[in-house]
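Q: My questions all concern the structure below.
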Amino acid sequence: MTRFSTEGKTATGRDLFKDTKEKKAVERSSDTPVAIQLGEHGRYQIKSGRLSGEYVARAFPKPPTNARGLIAEARGATEEAAIAALHEVIDAREVRRTDDRRADPTTGFSIPSIEEYAEAMAQVALSRPQHAMLTALAFAEDGGMSEASLANAAGYKSRASSNRAFASAGLLIANYLSLEATSSVATDEHDGTRFLGYRGKQRNDEDPGNWLLHAELRDAVRNAR
């Protein structure tokens with residue numbers, strides 16, 4: 001849902017444009033932004049103001065996050081026009097991303113791109129054990145990791161606790177990326193795992209199969225190292 005608010009939230013111009021050199025107040029021209037309006041659109045923070053005679057709106061990762069960097073930008077004849085144009089840019093970007101997702105041949109589930117997974121991991125609040133599991137799986141051999149090995153990599157004594165944490169990480173990422181599981185996939189307490197990966201070949205009745213990450217998530221984790 002689109003939301004935009006300017007109530008009681010302003011910042012100096014240098015907070016919006018990192019490359020704008022700091023100047024004394026007496027040196028500022030009338031075109032230099034005095035106050036930057038803050039708002040939201042979907043999962044992004046919107047900053048808008050006037051720069052060099054133009055109204056500019058920019059999208060950034062929404063706090064709190066350690067992620068940095070410009071997501072998208074738009075300009076307009078007025079500040080409202082710039083914001084509206086930016087909303088359109090972001091919406092078009094989301095549609096394009098969704099359309100470009102790979103369909104899993106087994107489940108029909110749409111797999112996010114490397115770019116999407118990387119953004120999500122930088123934004124969501126994954127715990128240290130969850131990060132450890134994803135990292136261990138990303139650098140595991142092609143056969144993946146057993147439940148016991150994955151639990152050990154994250155410091156869990158219980159495989160059940162490890163599986164819950166793994167599923168929870170998947171749900172966090174799915175919520176951020178607005179992912180939905182297909183109805184053809186049976187639901188259970190570990191639904192969130194399908195957003196991260198899948199099981200390898202089951203060796204026997206007591207072995208559910210090794211965990212493997214989706215190739216896109218594996219590459220996103222590797223690239224972040």
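For the structure tokens, the naming scheme is as follows: chains receive sequential letters (A, B, ...) according to their order of presentation, residues are indexed from 1 within each chain, and ligands are indexed from 1 in presentation order.
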Would you give me, as a PyMOL selection string, the residues in region 30-95 of chain A that DSSP reads as strand (DSSP E)?

A: chain A and resi 36-41+44-51+54-61+72-76

Q: For region 119-179 of chain A against region 201-223 of chain A, with a cut-off of 10 Å and counting only C-alpha atoms, what is the closest atom pair and its distance in Å to one decimal for every residue that makes the cut, ordered by chain and number, as a tab-separated table?

A:
```
residue	atom	partner	partner_atom	distance
A:Glu119	CA	A:Ala220	CA	8.9
A:Ala120	CA	A:Ala220	CA	9.9
A:Met121	CA	A:Val221	CA	8.3
A:His131	CA	A:Val221	CA	9.2
A:Leu134	CA	A:Val221	CA	7.2
A:Thr135	CA	A:Val221	CA	6.4
A:Ala136	CA	A:Val221	CA	9.7
A:Leu137	CA	A:Leu213	CA	6.5
A:Ala138	CA	A:Arg218	CA	4.6
A:Phe139	CA	A:Arg222	CA	7.3
A:Ala140	CA	A:Leu212	CA	8.5
A:Glu141	CA	A:Leu212	CA	9.4
A:Asp142	CA	A:Leu212	CA	8.0
A:Gly143	CA	A:Asn210	CA	7.1
A:Gly144	CA	A:Leu212	CA	4.8
A:Met145	CA	A:Asn210	CA	4.9
A:Ser146	CA	A:Asn210	CA	4.4
A:Glu147	CA	A:Asn210	CA	6.7
A:Ala148	CA	A:Asn210	CA	9.5
A:Ser149	CA	A:Asn210	CA	9.3
A:Leu150	CA	A:Trp211	CA	8.2
```

Q: Between A:Gly69, A:Gly42, A:Gly53, A:Pro112, which one has atoms that come closest to Leu86 (chain A), using only C-alpha atoms?

A: A:Gly42

Q: List every residue of region 40-107 of chain A that DSSP, applied to the backbone of this structure, assigns to alpha helix (DSSP H), and report them as a list in words.

A: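 Answer for region 40-107 of chain A, restricted to alpha helix (DSSP H): Glu79, Glu80, Ala81, Ala82, Ile83, Ala84, Ala85, Leu86, His87, Glu88, Val89, Ile90, Asp91, Ala92, Arg93, Glu94, Val95, Arg96, Arg97, Thr98, Asp99 and Asp100 of chain A.
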
Q: Can you work out which one of A:Arg75, A:His87, A:Arg68, A:Arg194 has the shortest atom-to-atom distance to Tyr55 (chain A), counting only C-alpha atoms?

A: A:Arg75

Q: Give me, as a list in words, all polymer residues having an atom no more than 12 Å from Asn175 (chain A), counting only C-alpha atoms and skipping those fewer than 5 positions away in the same chain.

A: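 Here the qualifying residues turn out to be Gly42, Arg43, Tyr117, Ala120, Met121, Gln123, Val124, Ala125, Ser168, Ala169, Gly170, Glu180, Ala181, Gly192 and Phe195 of chain A.
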
Q: Give me a file of those residues, with N, CA and C atoms, as an mmCIF file, in the first residue's frame.

A:
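Output below, filename result18.cif:
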```cif
data_model
loop_
_atom_site.group_PDB
_atom_site.id
_atom_site.type_symbol
_atom_site.label_atom_id
_atom_site.label_comp_id
_atom_site.auth_asym_id
_atom_site.auth_seq_id
_atom_site.Cartn_x
_atom_site.Cartn_y
_atom_site.Cartn_z
ATOM 1 N N GLY A 42 5.578 1.366 -0.311
ATOM 2 C CA GLY A 42 5.902 -0.048 -0.218
ATOM 3 C C GLY A 42 6.975 -0.288 0.816
ATOM 4 N N ARG A 43 8.048 -0.947 0.416
ATOM 5 C CA ARG A 43 9.118 -1.282 1.337
ATOM 6 C C ARG A 43 10.244 -0.253 1.360
ATOM 7 N N TYR A 117 16.975 -11.340 -3.757
ATOM 8 C CA TYR A 117 17.439 -12.013 -2.542
ATOM 9 C C TYR A 117 18.482 -11.163 -1.806
ATOM 10 N N ALA A 120 16.736 -8.316 -0.023
ATOM 11 C CA ALA A 120 15.979 -8.801 1.124
ATOM 12 C C ALA A 120 16.892 -9.132 2.299
ATOM 13 N N MET A 121 18.002 -9.806 2.019
ATOM 14 C CA MET A 121 18.911 -10.188 3.099
ATOM 15 C C MET A 121 19.546 -8.975 3.771
ATOM 16 N N GLN A 123 17.970 -6.217 4.210
ATOM 17 C CA GLN A 123 16.903 -5.474 4.864
ATOM 18 C C GLN A 123 16.307 -6.185 6.071
ATOM 19 N N VAL A 124 16.066 -7.486 5.969
ATOM 20 C CA VAL A 124 15.364 -8.181 7.046
ATOM 21 C C VAL A 124 16.296 -8.474 8.216
ATOM 22 N N ALA A 125 15.703 -8.633 9.387
ATOM 23 C CA ALA A 125 16.480 -8.828 10.616
ATOM 24 C C ALA A 125 16.733 -10.310 10.857
ATOM 25 N N SER A 168 11.800 -19.781 9.646
ATOM 26 C CA SER A 168 11.516 -18.395 10.017
ATOM 27 C C SER A 168 12.278 -17.419 9.127
ATOM 28 N N ALA A 169 13.521 -17.756 8.788
ATOM 29 C CA ALA A 169 14.300 -16.903 7.880
ATOM 30 C C ALA A 169 13.617 -16.815 6.526
ATOM 31 N N GLY A 170 13.083 -17.946 6.076
ATOM 32 C CA GLY A 170 12.378 -17.948 4.801
ATOM 33 C C GLY A 170 11.148 -17.077 4.815
ATOM 34 N N GLU A 180 4.495 -15.538 -2.351
ATOM 35 C CA GLU A 180 3.411 -16.414 -1.934
ATOM 36 C C GLU A 180 3.671 -17.808 -2.457
ATOM 37 N N ALA A 181 3.413 -18.801 -1.610
ATOM 38 C CA ALA A 181 3.572 -20.184 -2.039
ATOM 39 C C ALA A 181 2.380 -20.586 -2.893
ATOM 40 N N GLY A 192 8.100 -21.868 5.503
ATOM 41 C CA GLY A 192 9.053 -20.836 5.111
ATOM 42 C C GLY A 192 10.272 -21.363 4.396
ATOM 43 N N PHE A 195 10.911 -20.904 0.504
ATOM 44 C CA PHE A 195 11.377 -19.629 -0.034
ATOM 45 C C PHE A 195 12.902 -19.555 -0.065
#
```

Q: Hey, which of A:Thr98, A:Gln130, A:Gln45, A:Ser113 ends up closest to Gly155 (chain A)? Count only C-alpha atoms.

A: A:Gln130
